[in-house]
>>> print(open('work33.txt').read())   # compact mmCIF, C-alpha atoms
# COMPACT_ATOMS: atom_id res chain seq x y z
CA MET J 24 -6.11 225.58 164.51
CA SER J 25 -5.06 228.82 162.79
CA GLU J 26 -1.50 229.02 161.54
CA ARG J 27 0.66 230.97 163.98
CA ILE J 28 2.99 233.67 162.68
CA LEU J 29 5.50 235.20 165.09
CA ILE J 30 7.28 238.43 164.20
CA LEU J 31 10.28 239.56 166.24
CA GLY J 32 10.66 243.31 165.74
CA ASN J 33 8.43 246.34 165.29
CA SER J 34 10.07 248.66 162.81
CA ALA J 35 10.24 249.04 159.02
CA ALA J 36 10.62 245.37 158.05
CA ALA J 37 8.17 244.04 160.63
CA ILE J 38 5.44 246.56 159.80
CA ALA J 39 5.88 246.00 156.05
CA ALA J 40 5.56 242.25 156.61
CA VAL J 41 2.34 242.60 158.61
CA ARG J 42 0.86 244.89 155.98
CA GLU J 43 1.69 242.44 153.20
CA ILE J 44 0.41 239.37 155.07
CA ARG J 45 -2.96 241.01 155.56
CA ALA J 46 -2.97 242.48 152.03
CA CYS J 47 -2.53 238.94 150.69
CA GLY J 48 -5.65 237.91 152.57
CA GLY J 49 -3.75 236.03 155.25
CA LYS J 50 -5.93 235.16 158.26
CA GLN J 51 -3.11 233.72 160.34
CA ALA J 52 -2.78 234.55 164.02
CA ILE J 53 0.02 237.13 164.22
CA THR J 54 2.04 237.83 167.36
CA MET J 55 4.59 240.63 167.43
CA VAL J 56 7.42 240.99 169.96
CA SER J 57 9.47 244.18 170.45
CA ASN J 58 12.01 245.10 173.09
CA GLU J 59 10.85 248.73 172.91
CA PRO J 60 7.74 249.63 174.94
CA CYS J 61 6.04 251.63 172.20
CA THR J 62 4.43 251.52 168.79
CA ALA J 63 6.51 251.71 165.60
CA TYR J 64 8.47 254.89 164.89
CA SER J 65 11.00 256.18 162.38
CA PRO J 66 14.61 256.29 163.65
CA VAL J 67 15.60 258.40 160.63
CA LEU J 68 13.60 261.29 162.10
CA THR J 69 15.36 261.32 165.47
CA THR J 70 17.84 264.01 164.36
CA TYR J 71 14.91 266.31 163.54
CA TYR J 72 13.65 265.69 167.06
CA LEU J 73 17.13 266.45 168.42
CA ARG J 74 17.11 269.78 166.60
CA GLY J 75 13.69 270.60 168.01
CA GLN J 76 12.19 270.72 164.50
CA ILE J 77 9.52 268.13 165.32
CA PRO J 78 7.89 266.93 168.54
CA GLU J 79 8.47 263.39 169.75
CA SER J 80 4.92 262.45 168.73
CA ALA J 81 5.85 263.04 165.07
CA LEU J 82 8.32 260.14 165.17
CA TYR J 83 5.58 257.52 165.40
CA PHE J 84 3.95 256.16 162.24
CA CYS J 85 1.68 253.57 163.88
CA ASP J 86 -0.74 253.90 166.77
CA LEU J 87 -2.28 251.10 168.82
CA GLY J 88 -5.27 251.09 166.49
CA TYR J 89 -3.02 249.94 163.65
CA TYR J 90 -2.26 246.68 165.47
CA ARG J 91 -5.87 246.16 166.63
CA GLU J 92 -7.23 246.63 163.12
CA ARG J 93 -4.88 243.90 161.85
CA ASP J 94 -5.62 241.58 164.77
CA ILE J 95 -2.03 241.52 166.05
CA SER J 96 -1.19 240.30 169.54
CA CYS J 97 1.57 242.63 170.82
CA HIS J 98 4.30 241.94 173.36
CA PHE J 99 5.98 245.35 173.64
CA GLY J 100 8.79 246.03 176.10
CA THR J 101 10.07 242.47 176.05
CA ALA J 102 12.86 240.83 174.06
CA ALA J 103 13.61 237.42 172.62
CA VAL J 104 16.48 235.74 174.47
CA ASP J 105 16.46 232.31 172.86
CA LEU J 106 15.30 230.78 169.60
CA ASP J 107 14.88 227.03 169.22
CA ALA J 108 14.19 226.74 165.52
CA ALA J 109 13.89 222.96 165.64
CA ALA J 110 11.17 223.12 168.31
CA GLN J 111 9.65 226.27 166.70
CA ARG J 112 9.73 228.16 169.97
CA VAL J 113 11.01 231.55 171.16
CA THR J 114 11.75 232.35 174.80
CA LEU J 115 11.32 235.94 176.00
CA ASP J 116 13.20 237.78 178.73
CA ASP J 117 10.18 237.56 181.05
CA GLY J 118 10.43 233.77 180.93
CA SER J 119 7.41 233.23 178.69
CA ARG J 120 7.58 231.05 175.58
CA LEU J 121 5.90 231.54 172.24
CA ASP J 122 5.38 228.73 169.75
CA TYR J 123 5.03 229.43 166.05
CA ASP J 124 4.47 227.85 162.67
CA LYS J 125 6.26 230.62 160.76
CA LEU J 126 8.76 233.13 162.13
CA LEU J 127 10.09 236.45 160.87
CA ILE J 128 13.23 237.77 162.56
CA ALA J 129 13.28 241.55 162.11
CA THR J 130 14.99 242.69 165.30
CA GLY J 131 17.22 245.15 163.44
CA ALA J 132 20.58 246.28 164.73
CA SER J 133 22.01 248.16 167.70
CA ALA J 134 24.68 250.83 167.86
CA ARG J 135 28.13 249.27 168.11
CA ARG J 136 29.57 249.98 171.56
CA VAL J 137 33.00 251.48 172.10
CA ALA J 138 35.31 248.75 173.36
CA GLY J 139 37.98 248.96 176.04
CA LEU J 140 36.38 251.58 178.30
CA ASP J 141 35.83 251.41 182.04
CA PRO J 142 32.33 249.84 182.44
CA GLU J 143 30.95 252.82 184.36
CA ILE J 144 32.25 255.31 181.79
CA ALA J 145 31.06 253.08 178.94
CA SER J 146 27.50 253.21 180.29
CA GLU J 147 27.58 257.01 180.02
CA VAL J 148 28.57 257.15 176.34
CA CYS J 149 25.60 258.23 174.23
CA TYR J 150 24.54 256.61 170.95
CA LEU J 151 21.74 257.45 168.54
CA ARG J 152 19.60 254.51 167.49
CA THR J 153 16.36 254.72 169.45
CA ILE J 154 13.93 257.29 170.81
CA ALA J 155 15.42 256.74 174.27
CA ASP J 156 18.87 257.54 172.84
CA ALA J 157 17.56 260.74 171.26
CA ARG J 158 15.94 261.86 174.52
CA ARG J 159 19.20 261.25 176.38
CA ILE J 160 21.35 263.23 173.94
CA ARG J 161 18.86 266.08 173.72
CA GLU J 162 18.75 266.54 177.48
CA ALA J 163 22.52 266.17 177.98
CA ALA J 164 23.41 268.56 175.14
CA LEU J 165 21.43 271.45 176.60
CA GLY J 166 24.04 272.25 179.24
CA ALA J 167 27.09 270.96 177.39
CA LYS J 168 30.02 273.17 176.38
CA HIS J 169 32.23 270.58 174.69
CA ILE J 170 31.10 267.31 173.12
CA VAL J 171 33.52 264.63 171.97
CA ILE J 172 32.10 262.41 169.24
CA MET J 173 33.86 259.17 168.40
CA GLY J 174 33.50 258.64 164.67
CA ALA J 175 32.56 260.76 161.65
CA GLY J 176 30.03 258.60 159.85
CA LEU J 177 26.45 259.52 159.05
CA VAL J 178 25.16 259.18 162.61
CA SER J 179 28.05 261.14 164.11
CA LEU J 180 27.66 264.02 161.66
CA GLN J 181 23.88 264.03 162.02
CA VAL J 182 24.22 264.29 165.80
CA ALA J 183 26.83 267.04 165.46
CA GLY J 184 24.54 268.98 163.14
CA ALA J 185 21.50 268.48 165.34
CA VAL J 186 23.09 269.77 168.56
CA ALA J 187 25.30 272.48 166.99
CA ARG J 188 25.05 275.98 168.43
CA PRO J 189 27.52 278.90 168.60
CA ASP J 190 28.57 278.31 172.21
CA LEU J 191 29.03 274.55 171.81
CA ARG J 192 32.36 273.05 170.77
CA VAL J 193 32.31 269.66 169.07
CA THR J 194 35.37 267.48 168.43
CA CYS J 195 35.11 264.39 166.27
CA VAL J 196 37.81 261.77 166.90
CA VAL J 197 38.10 259.83 163.65
CA ALA J 198 40.11 256.63 163.13
CA SER J 199 40.10 257.00 159.33
CA ARG J 200 41.53 259.85 157.24
CA GLN J 201 38.21 261.33 156.13
CA ILE J 202 34.59 261.81 157.11
CA LEU J 203 31.94 259.38 155.83
CA SER J 204 34.62 256.86 154.88
CA GLN J 205 32.00 254.14 154.28
CA ASN J 206 29.90 256.31 151.96
CA ILE J 207 31.88 258.76 149.85
CA ASP J 208 35.30 259.18 148.25
CA ALA J 209 38.11 261.38 149.57
CA THR J 210 37.46 264.36 147.28
CA CYS J 211 33.80 264.55 148.21
CA ALA J 212 34.70 264.11 151.88
CA GLU J 213 37.19 266.97 151.81
CA LEU J 214 34.70 269.35 150.21
CA LEU J 215 32.05 268.44 152.76
CA ARG J 216 34.48 268.65 155.69
CA GLY J 217 35.46 272.18 154.71
CA HIS J 218 31.81 273.22 154.61
CA VAL J 219 31.10 271.63 158.00
CA GLU J 220 34.02 273.36 159.69
CA ARG J 221 33.00 276.72 158.22
CA SER J 222 29.38 276.22 159.28
CA ALA J 223 29.83 275.20 162.90
CA ASN J 224 32.29 275.04 165.78
CA ILE J 225 33.41 271.53 164.84
CA GLU J 226 36.93 270.12 164.76
CA PHE J 227 38.00 266.81 163.21
CA LEU J 228 40.99 264.83 164.51
CA PHE J 229 41.77 262.26 161.81
CA GLY J 230 43.83 259.10 162.22
CA ALA J 231 43.17 259.23 165.95
CA GLY J 232 41.83 256.75 168.46
CA VAL J 233 40.59 256.95 172.04
CA THR J 234 42.77 255.01 174.47
CA GLU J 235 41.19 255.98 177.79
CA ILE J 236 38.39 258.07 179.27
CA THR J 237 38.35 259.12 182.92
CA ARG J 238 36.26 261.48 185.02
CA THR J 239 37.52 264.97 185.77
CA ASN J 240 35.96 268.20 187.08
CA GLY J 241 32.41 266.98 186.63
CA GLY J 242 33.15 265.88 183.07
CA TYR J 243 35.52 263.58 181.20
CA LEU J 244 39.16 263.52 180.19
CA VAL J 245 39.58 261.80 176.84
CA ARG J 246 43.08 260.54 176.05
CA LEU J 247 44.05 259.82 172.44
CA ASP J 248 46.70 257.49 171.05
CA SER J 249 48.59 260.56 169.85
CA GLY J 250 49.05 261.64 173.47
CA ALA J 251 46.58 264.52 173.13
CA GLU J 252 43.94 265.05 175.80
CA LEU J 253 40.44 266.49 175.44
CA GLN J 254 38.11 267.81 178.13
CA ALA J 255 34.45 267.00 177.49
CA ASP J 256 31.16 267.06 179.32
CA LEU J 257 29.28 264.80 176.88
CA LEU J 258 30.47 261.70 175.03
CA VAL J 259 28.80 260.42 171.86
CA ALA J 260 29.80 257.50 169.63
CA GLY J 261 28.82 256.62 166.09
CA LYS J 262 30.82 253.51 165.22
CA GLY J 263 28.37 251.61 163.06
CA VAL J 264 25.83 248.97 164.06
CA THR J 265 25.73 245.36 165.21
CA PRO J 266 22.86 243.07 164.09
CA ASN J 267 20.61 241.93 166.94
CA VAL J 268 21.12 238.20 166.52
CA GLU J 269 22.54 237.24 169.91
CA PHE J 270 19.48 235.11 170.72
CA VAL J 271 19.84 233.01 167.56
CA ASP J 272 21.34 229.53 167.91
CA ARG J 273 24.02 229.54 165.22
CA THR J 274 24.08 225.75 165.15
CA GLN J 275 20.52 225.85 163.81
CA ILE J 276 20.36 228.98 161.66
CA ASN J 277 23.24 230.08 159.46
CA VAL J 278 24.70 233.36 160.70
CA ASP J 279 27.70 235.28 159.37
CA GLU J 280 27.74 238.98 160.26
CA GLY J 281 23.97 238.85 160.08
CA ILE J 282 21.44 236.10 159.39
CA LEU J 283 22.07 234.62 155.96
CA VAL J 284 19.02 234.68 153.68
CA ASP J 285 18.20 233.53 150.16
CA ASP J 286 16.46 235.56 147.45
CA HIS J 287 13.10 234.92 149.15
CA LEU J 288 14.40 236.19 152.53
CA ARG J 289 14.26 232.64 153.87
CA THR J 290 16.92 231.50 156.33
CA SER J 291 18.49 228.02 156.50
CA PHE J 292 15.23 226.92 158.20
CA GLU J 293 12.37 226.74 155.70
CA ASN J 294 9.76 228.29 158.02
CA VAL J 295 12.01 231.10 159.30
CA TRP J 296 12.54 234.35 157.41
CA ALA J 297 14.71 237.39 158.22
CA ALA J 298 14.42 240.97 156.99
CA GLY J 299 15.85 244.39 157.71
CA ASP J 300 19.18 245.47 159.15
CA LEU J 301 20.16 241.95 160.26
CA ALA J 302 19.41 240.15 156.99
CA GLN J 303 22.58 239.32 155.06
CA GLY J 304 21.81 238.63 151.44
CA ARG J 305 22.77 239.49 147.89
CA ASN J 306 23.68 243.07 147.01
CA ARG J 307 21.84 243.86 143.78
CA ILE J 308 24.68 245.96 142.37
CA SER J 309 27.88 244.24 143.52
CA GLY J 310 26.53 240.70 143.67
CA GLU J 311 28.24 240.21 147.04
CA VAL J 312 26.48 238.67 150.04
CA GLU J 313 26.50 241.42 152.65
CA LEU J 314 24.57 243.46 155.19
CA VAL J 315 22.89 246.57 153.82
CA ALA J 316 21.20 248.56 156.57
CA ASN J 317 18.80 251.20 155.29
CA TRP J 318 15.11 252.00 155.64
CA ILE J 319 14.12 251.41 152.00
CA ASP J 320 15.67 247.94 151.89
CA ALA J 321 14.09 247.02 155.23
CA CYS J 322 10.63 247.96 153.91
CA GLU J 323 11.11 246.05 150.66
CA GLN J 324 12.52 242.98 152.42
CA GLY J 325 9.72 242.97 154.98
CA ALA J 326 7.09 243.12 152.25
CA VAL J 327 8.63 240.21 150.33
CA ALA J 328 9.03 238.12 153.49
CA GLY J 329 5.44 238.87 154.49
CA ALA J 330 4.07 237.84 151.10
CA ASN J 331 5.99 234.56 151.23
CA MET J 332 4.82 233.86 154.78
CA ALA J 333 1.26 234.39 153.53
CA GLY J 334 1.76 231.67 150.92
CA GLU J 335 2.82 233.72 147.91
CA THR J 336 6.07 233.17 146.02
CA GLN J 337 7.99 236.42 145.71
CA GLY J 338 11.67 237.06 145.18
CA PHE J 339 13.75 239.92 146.49
CA PRO J 340 15.99 241.33 143.74
CA GLY J 341 18.75 242.25 146.15
CA SER J 342 19.73 245.14 148.37
CA VAL J 343 20.89 248.53 147.16
CA THR J 344 23.37 250.50 149.23
CA GLU J 345 22.13 254.08 149.35
CA ASN J 346 22.15 257.11 151.61
CA ILE J 347 20.59 260.47 150.83
CA THR J 348 20.77 263.05 153.57
CA THR J 349 21.32 266.71 154.40
CA LEU J 350 24.31 267.62 156.56
CA PHE J 351 24.76 271.18 157.74
CA GLY J 352 22.45 272.42 155.00
CA VAL J 353 24.17 270.47 152.21
CA GLN J 354 22.66 267.50 150.45
CA VAL J 355 24.86 264.47 149.87
CA ALA J 356 23.90 261.20 148.22
CA SER J 357 25.66 257.90 147.62
CA ILE J 358 24.06 255.09 145.61
CA GLY J 359 25.39 251.63 144.75
CA ILE J 360 29.14 251.07 144.71
CA THR J 361 30.91 254.24 145.85
CA ARG J 362 34.39 253.01 146.69
CA ASN J 363 36.64 251.58 143.99
CA HIS J 364 39.99 249.89 144.39
CA ARG J 365 42.83 249.03 142.08
CA GLY J 366 42.14 245.91 140.11
CA ASP J 367 38.36 245.94 140.55
CA GLY J 368 37.82 246.93 136.92
CA LEU J 369 35.84 250.06 137.71
CA ARG J 370 36.41 253.48 136.21
CA GLU J 371 35.22 256.84 137.48
CA VAL J 372 33.89 259.93 135.77
CA THR J 373 33.86 263.05 137.93
CA TYR J 374 32.69 266.65 137.76
CA LEU J 375 33.79 269.38 140.17
CA ASP J 376 32.53 272.95 140.37
CA GLU J 377 34.68 274.18 143.25
CA PRO J 378 33.24 277.71 143.55
CA ARG J 379 29.76 276.26 144.10
CA GLY J 380 31.01 273.26 146.06
CA VAL J 381 29.32 270.89 143.60
CA TYR J 382 30.82 267.44 143.12
CA ARG J 383 29.45 264.50 141.13
CA ARG J 384 31.15 261.16 140.61
CA LEU J 385 29.93 258.15 138.68
CA LEU J 386 31.45 254.67 138.85
CA LEU J 387 31.15 252.40 135.83
CA ARG J 388 31.90 248.77 135.05
CA GLY J 389 32.49 248.84 131.32
CA GLU J 390 29.78 251.23 130.15
CA VAL J 391 27.28 250.30 132.86
CA MET J 392 26.82 252.66 135.80
CA VAL J 393 27.18 250.89 139.16
CA GLY J 394 27.48 253.81 141.59
CA ALA J 395 27.06 257.53 142.07
CA THR J 396 28.21 260.09 144.64
CA LEU J 397 26.62 263.53 144.57
CA LEU J 398 27.31 266.64 146.64
CA ARG J 399 24.90 269.62 146.54
CA ASP J 400 23.60 268.85 143.04
CA VAL J 401 21.33 265.85 143.80
CA ALA J 402 18.08 266.66 142.01
CA ASP J 403 18.39 263.69 139.66
CA VAL J 404 19.43 261.13 142.29
CA GLY J 405 16.26 259.11 141.75
CA VAL J 406 16.88 258.85 138.02
CA LEU J 407 20.50 257.84 138.56
CA ARG J 408 19.40 255.23 141.10
CA GLY J 409 17.00 253.80 138.56
CA ALA J 410 19.75 253.50 135.96
CA ILE J 411 22.12 251.87 138.47
CA VAL J 412 19.52 249.34 139.61
CA ALA J 413 18.53 248.57 136.01
CA GLY J 414 22.18 248.08 135.01
CA ARG J 415 22.08 250.74 132.29
CA GLU J 416 24.53 253.13 130.71
CA PRO J 417 24.44 256.81 131.75
CA TRP J 418 22.53 258.92 129.26
CA PRO J 419 23.48 260.58 126.97
CA SER J 420 27.04 259.81 128.16
CA ALA J 421 28.90 259.29 131.42
CA LYS J 422 30.62 262.66 131.06
CA ALA J 423 27.33 264.48 130.47
CA ALA J 424 25.58 262.63 133.30
CA ALA J 425 28.37 263.51 135.72
CA LYS J 426 28.27 267.15 134.74
CA GLY J 427 24.57 267.85 135.02
CA HIS J 428 21.08 266.62 135.81
CA VAL J 429 19.90 263.52 134.03
CA ARG J 430 16.25 264.11 133.23
CA TYR J 431 13.75 261.29 133.32
CA ALA J 432 12.28 262.30 129.94
CA GLY J 433 15.66 261.82 128.30
CA LEU J 434 16.10 258.38 129.86
CA LEU J 435 12.62 257.38 128.77
CA LYS J 436 13.34 258.50 125.21
CA ALA J 437 16.58 256.52 125.19
CA GLY J 438 14.89 253.44 126.68
CA LEU J 439 17.18 253.48 129.71
CA THR J 440 14.67 253.50 132.58
CA GLY J 441 14.52 249.74 132.99
CA ARG J 442 10.74 249.76 132.46
>>> encode(input="work33.txt", output="structure tokens")
Amino acid sequence: MSERILILGNSAAAIAAVREIRACGGKQAITMVSNEPCTAYSPVLTTYYLRGQIPESALYFCDLGYYRERDISCHFGTAAVDLDAAAQRVTLDDGSRLDYDKLLIATGASARRVAGLDPEIASEVCYLRTIADARRIREAALGAKHIVIMGAGLVSLQVAGAVARPDLRVTCVVASRQILSQNIDATCAELLRGHVERSANIEFLFGAGVTEITRTNGGYLVRLDSGAELQADLLVAGKGVTPNVEFVDRTQINVDEGILVDDHLRTSFENVWAAGDLAQGRNRISGEVELVANWIDACEQGAVAGANMAGETQGFPGSVTENITTLFGVQVASIGITRNHRGDGLREVTYLDEPRGVYRRLLLRGEVMVGATLLRDVADVGVLRGAIVAGREPWPSAKAAAKGHVRYAGLLKAGLTGR
């Protein structure tokens, strides 16, 4: 009987795993389960769809032929509700059961819901994580006059930028004191905030929280803990993500925030692997065990897990926290460690060209670069990432690297590429 591989998920990590299993010559029977009723697509492109820059069809990077060519049995539009790792069996929401010899959990993460709201109102808050979410926001935004967005992280700002138009007012209610608090430092955030407010009809209310939302005049009345009230006809939230691990029996598989994995992406069960936004493993730069949710890591983790499921022995060097995006026409990048605290032994080297709105900040541990934050001037982000991952010193110096582009040729000459 052919070895049975079961893959839960159908996005970056799952597709990378399938590709690697077959590339390694694996002839195992592969079954894939996904709660979404469609082929694999790229969530990072949903904001382009929201803006109307691409059609929905451009979001998909696999068609049905992809799965047929790799002899994959697909269960789309159904979700895992129970995992019995000891019995090597997964139960789906339609009542069916699937047995396996090897399992990859790559179910990703879902948008974190806003707590404390009336259930009916809560069901009407929009999030952006899936194609269905993008469709919902796109349709609702067409007739909206005032949108209240809870949060000012990457997703919140991307949604604000995607739906922005002159006659639309957007208010972001932000619990922290800056935008992108998980990605960039206060100086970078202030520069970017100023640009955003000049570019669009967007207002930020910092240090504020939503205490209640009620219906009024065909829309919503949003009450804040400051006592202020906002009228809105569309509610959006971007409050981070929650790993999709609710079906995992925590008495069998070790789970913290996400599913704990070793350097081979294996869980506490030898024949169960995890990859993608729910895999909690070693951060390559900080050394901490944590969740790092980004597309690049998901692809790399899926490939390593797939190779190991096919019988190879491959290690995953660790996750790298990184975000490179364009917000309101401005590029911003954060790589590695971007937030330093007193006593952590890190030092920063910064460069600011205020007239051009250029800001560059490097974080170093001793002489080794461990993080970079770049605003507008990001052409050398790939080179800086390479130096951070390789654990190298900035070339020719931290001050010079902060001030201007680090060219690959210079790094190569200095032997600092990690190759």
>>> residues_around(input="work33.txt", residues="J:Leu151", least_positions_apart="6", cutoff="12 Å", atoms="all atoms listed in the file", output="ChimeraX atom specification")
/J:66-70,72-73,132-136,157-161,172,177-183,185,258-264
>>> residues_around(input="work33.txt", residues="J:Ile53", least_positions_apart="4", cutoff="8 Å", atoms="only C-alpha atoms", output="compact mmCIF listing (two decimals) with C-alpha atoms, in the coordinates of the input")
# COMPACT_ATOMS: atom_id res chain seq x y z
CA ARG J 27 0.66 230.97 163.98
CA ILE J 28 2.99 233.67 162.68
CA LEU J 29 5.50 235.20 165.09
CA ILE J 30 7.28 238.43 164.20
CA ASP J 94 -5.62 241.58 164.77
CA ILE J 95 -2.03 241.52 166.05
CA SER J 96 -1.19 240.30 169.54
>>> closest_atom_pairs(input="work33.txt", of="stretch 342-394 of chain J", to="stretch 301-319 of chain J", cutoff="10 Å", atoms="all atoms listed in the file", output="CSV")
residue,atom,partner,partner_atom,distance
J:Ser342,CA,J:Asn306,CA,4.7
J:Val343,CA,J:Arg307,CA,5.8
J:Thr344,CA,J:Val315,CA,6.1
J:Glu345,CA,J:Asn317,CA,7.4
J:Asn346,CA,J:Asn317,CA,7.7
J:Ile358,CA,J:Ile308,CA,9.7
J:Gly359,CA,J:Ile308,CA,6.2
J:Ile360,CA,J:Ser309,CA,7.0
J:Met392,CA,J:Ile308,CA,9.6
J:Val393,CA,J:Ile308,CA,6.4
J:Gly394,CA,J:Ile308,CA,8.4
>>> atom_distance(input="work33.txt", atom1="atom CA of J:Ile44", atom2="atom CA of J:Arg93")
9.7 Å
>>> residues_around(input="work33.txt", residues="J:Ala333", least_positions_apart="2", cutoff="10 Å", atoms="all atoms listed in the file", output="JSON, numbers by chain")
{"J": [28, 40, 41, 43, 44, 45, 46, 47, 48, 49, 50, 51, 125, 327, 328, 329, 330, 331, 335, 336]}
>>> residues_around(input="work33.txt", residues="J:Glu220", least_positions_apart="5", cutoff="12 Å", atoms="all atoms listed in the file", output="ChimeraX atom specification")
/J:180,183-184,187,192-195,202,213-215,225-227,350-351
>>> closest_residue(input="work33.txt", among="J:Asp107, J:Asp141, J:Glu92, J:Glu79", to="J:Thr274", atoms="all atoms listed in the file")
J:Asp107
>>> closest_residue(input="work33.txt", among="J:Asp272, J:Asp117, J:Asp400, J:Glu26", to="J:Asn58", atoms="only C-alpha atoms")
J:Asp117
>>> atom_distance(input="work33.txt", atom1="atom CA of J:Leu385", atom2="atom CA of J:Glu371")
5.6 Å
>>> build_atoms(input="work33.txt", residues="stretch 232-250 of chain J", atoms="N, CA and C atoms", output="PDB file, in the coordinates of the input")
ATOM      1  N   GLY J 232      42.641 257.697 167.712  1.00  0.00           N
ATOM      2  CA  GLY J 232      41.830 256.750 168.460  1.00  0.00           C
ATOM      3  C   GLY J 232      41.803 257.094 169.933  1.00  0.00           C
ATOM      4  N   VAL J 233      40.723 256.721 170.602  1.00  0.00           N
ATOM      5  CA  VAL J 233      40.590 256.950 172.040  1.00  0.00           C
ATOM      6  C   VAL J 233      41.216 255.776 172.784  1.00  0.00           C
ATOM      7  N   THR J 234      42.128 256.070 173.695  1.00  0.00           N
ATOM      8  CA  THR J 234      42.770 255.010 174.470  1.00  0.00           C
ATOM      9  C   THR J 234      42.207 254.893 175.886  1.00  0.00           C
ATOM     10  N   GLU J 235      41.706 256.007 176.414  1.00  0.00           N
ATOM     11  CA  GLU J 235      41.190 255.980 177.790  1.00  0.00           C
ATOM     12  C   GLU J 235      40.282 257.180 178.017  1.00  0.00           C
ATOM     13  N   ILE J 236      39.259 256.969 178.844  1.00  0.00           N
ATOM     14  CA  ILE J 236      38.390 258.070 179.270  1.00  0.00           C
ATOM     15  C   ILE J 236      38.232 257.974 180.777  1.00  0.00           C
ATOM     16  N   THR J 237      38.493 259.075 181.469  1.00  0.00           N
ATOM     17  CA  THR J 237      38.350 259.120 182.920  1.00  0.00           C
ATOM     18  C   THR J 237      37.507 260.333 183.302  1.00  0.00           C
ATOM     19  N   ARG J 238      37.034 260.339 184.525  1.00  0.00           N
ATOM     20  CA  ARG J 238      36.260 261.480 185.020  1.00  0.00           C
ATOM     21  C   ARG J 238      37.201 262.596 185.465  1.00  0.00           C
ATOM     22  N   THR J 239      36.756 263.826 185.289  1.00  0.00           N
ATOM     23  CA  THR J 239      37.520 264.970 185.770  1.00  0.00           C
ATOM     24  C   THR J 239      36.636 266.210 185.824  1.00  0.00           C
ATOM     25  N   ASN J 240      36.660 266.903 186.933  1.00  0.00           N
ATOM     26  CA  ASN J 240      35.960 268.200 187.080  1.00  0.00           C
ATOM     27  C   ASN J 240      34.507 268.149 186.617  1.00  0.00           C
ATOM     28  N   GLY J 241      33.816 267.086 186.993  1.00  0.00           N
ATOM     29  CA  GLY J 241      32.410 266.980 186.630  1.00  0.00           C
ATOM     30  C   GLY J 241      32.185 266.558 185.195  1.00  0.00           C
ATOM     31  N   GLY J 242      33.278 266.297 184.453  1.00  0.00           N
ATOM     32  CA  GLY J 242      33.150 265.880 183.070  1.00  0.00           C
ATOM     33  C   GLY J 242      34.042 264.694 182.790  1.00  0.00           C
ATOM     34  N   TYR J 243      34.683 264.711 181.618  1.00  0.00           N
ATOM     35  CA  TYR J 243      35.520 263.580 181.200  1.00  0.00           C
ATOM     36  C   TYR J 243      36.839 264.083 180.625  1.00  0.00           C
ATOM     37  N   LEU J 244      37.883 263.286 180.834  1.00  0.00           N
ATOM     38  CA  LEU J 244      39.160 263.520 180.190  1.00  0.00           C
ATOM     39  C   LEU J 244      39.363 262.397 179.181  1.00  0.00           C
ATOM     40  N   VAL J 245      39.456 262.778 177.914  1.00  0.00           N
ATOM     41  CA  VAL J 245      39.580 261.800 176.840  1.00  0.00           C
ATOM     42  C   VAL J 245      41.029 261.788 176.356  1.00  0.00           C
ATOM     43  N   ARG J 246      41.691 260.661 176.487  1.00  0.00           N
ATOM     44  CA  ARG J 246      43.080 260.540 176.050  1.00  0.00           C
ATOM     45  C   ARG J 246      43.123 259.828 174.692  1.00  0.00           C
ATOM     46  N   LEU J 247      43.929 260.381 173.779  1.00  0.00           N
ATOM     47  CA  LEU J 247      44.050 259.820 172.440  1.00  0.00           C
ATOM     48  C   LEU J 247      45.380 259.101 172.285  1.00  0.00           C
ATOM     49  N   ASP J 248      45.460 258.244 171.266  1.00  0.00           N
ATOM     50  CA  ASP J 248      46.700 257.490 171.050  1.00  0.00           C
ATOM     51  C   ASP J 248      47.848 258.378 170.601  1.00  0.00           C
ATOM     52  N   SER J 249      47.540 259.606 170.212  1.00  0.00           N
ATOM     53  CA  SER J 249      48.590 260.560 169.850  1.00  0.00           C
ATOM     54  C   SER J 249      49.221 261.215 171.074  1.00  0.00           C
ATOM     55  N   GLY J 250      48.603 260.997 172.236  1.00  0.00           N
ATOM     56  CA  GLY J 250      49.050 261.640 173.470  1.00  0.00           C
ATOM     57  C   GLY J 250      48.240 262.868 173.814  1.00  0.00           C
TER      58      GLY J 250
END
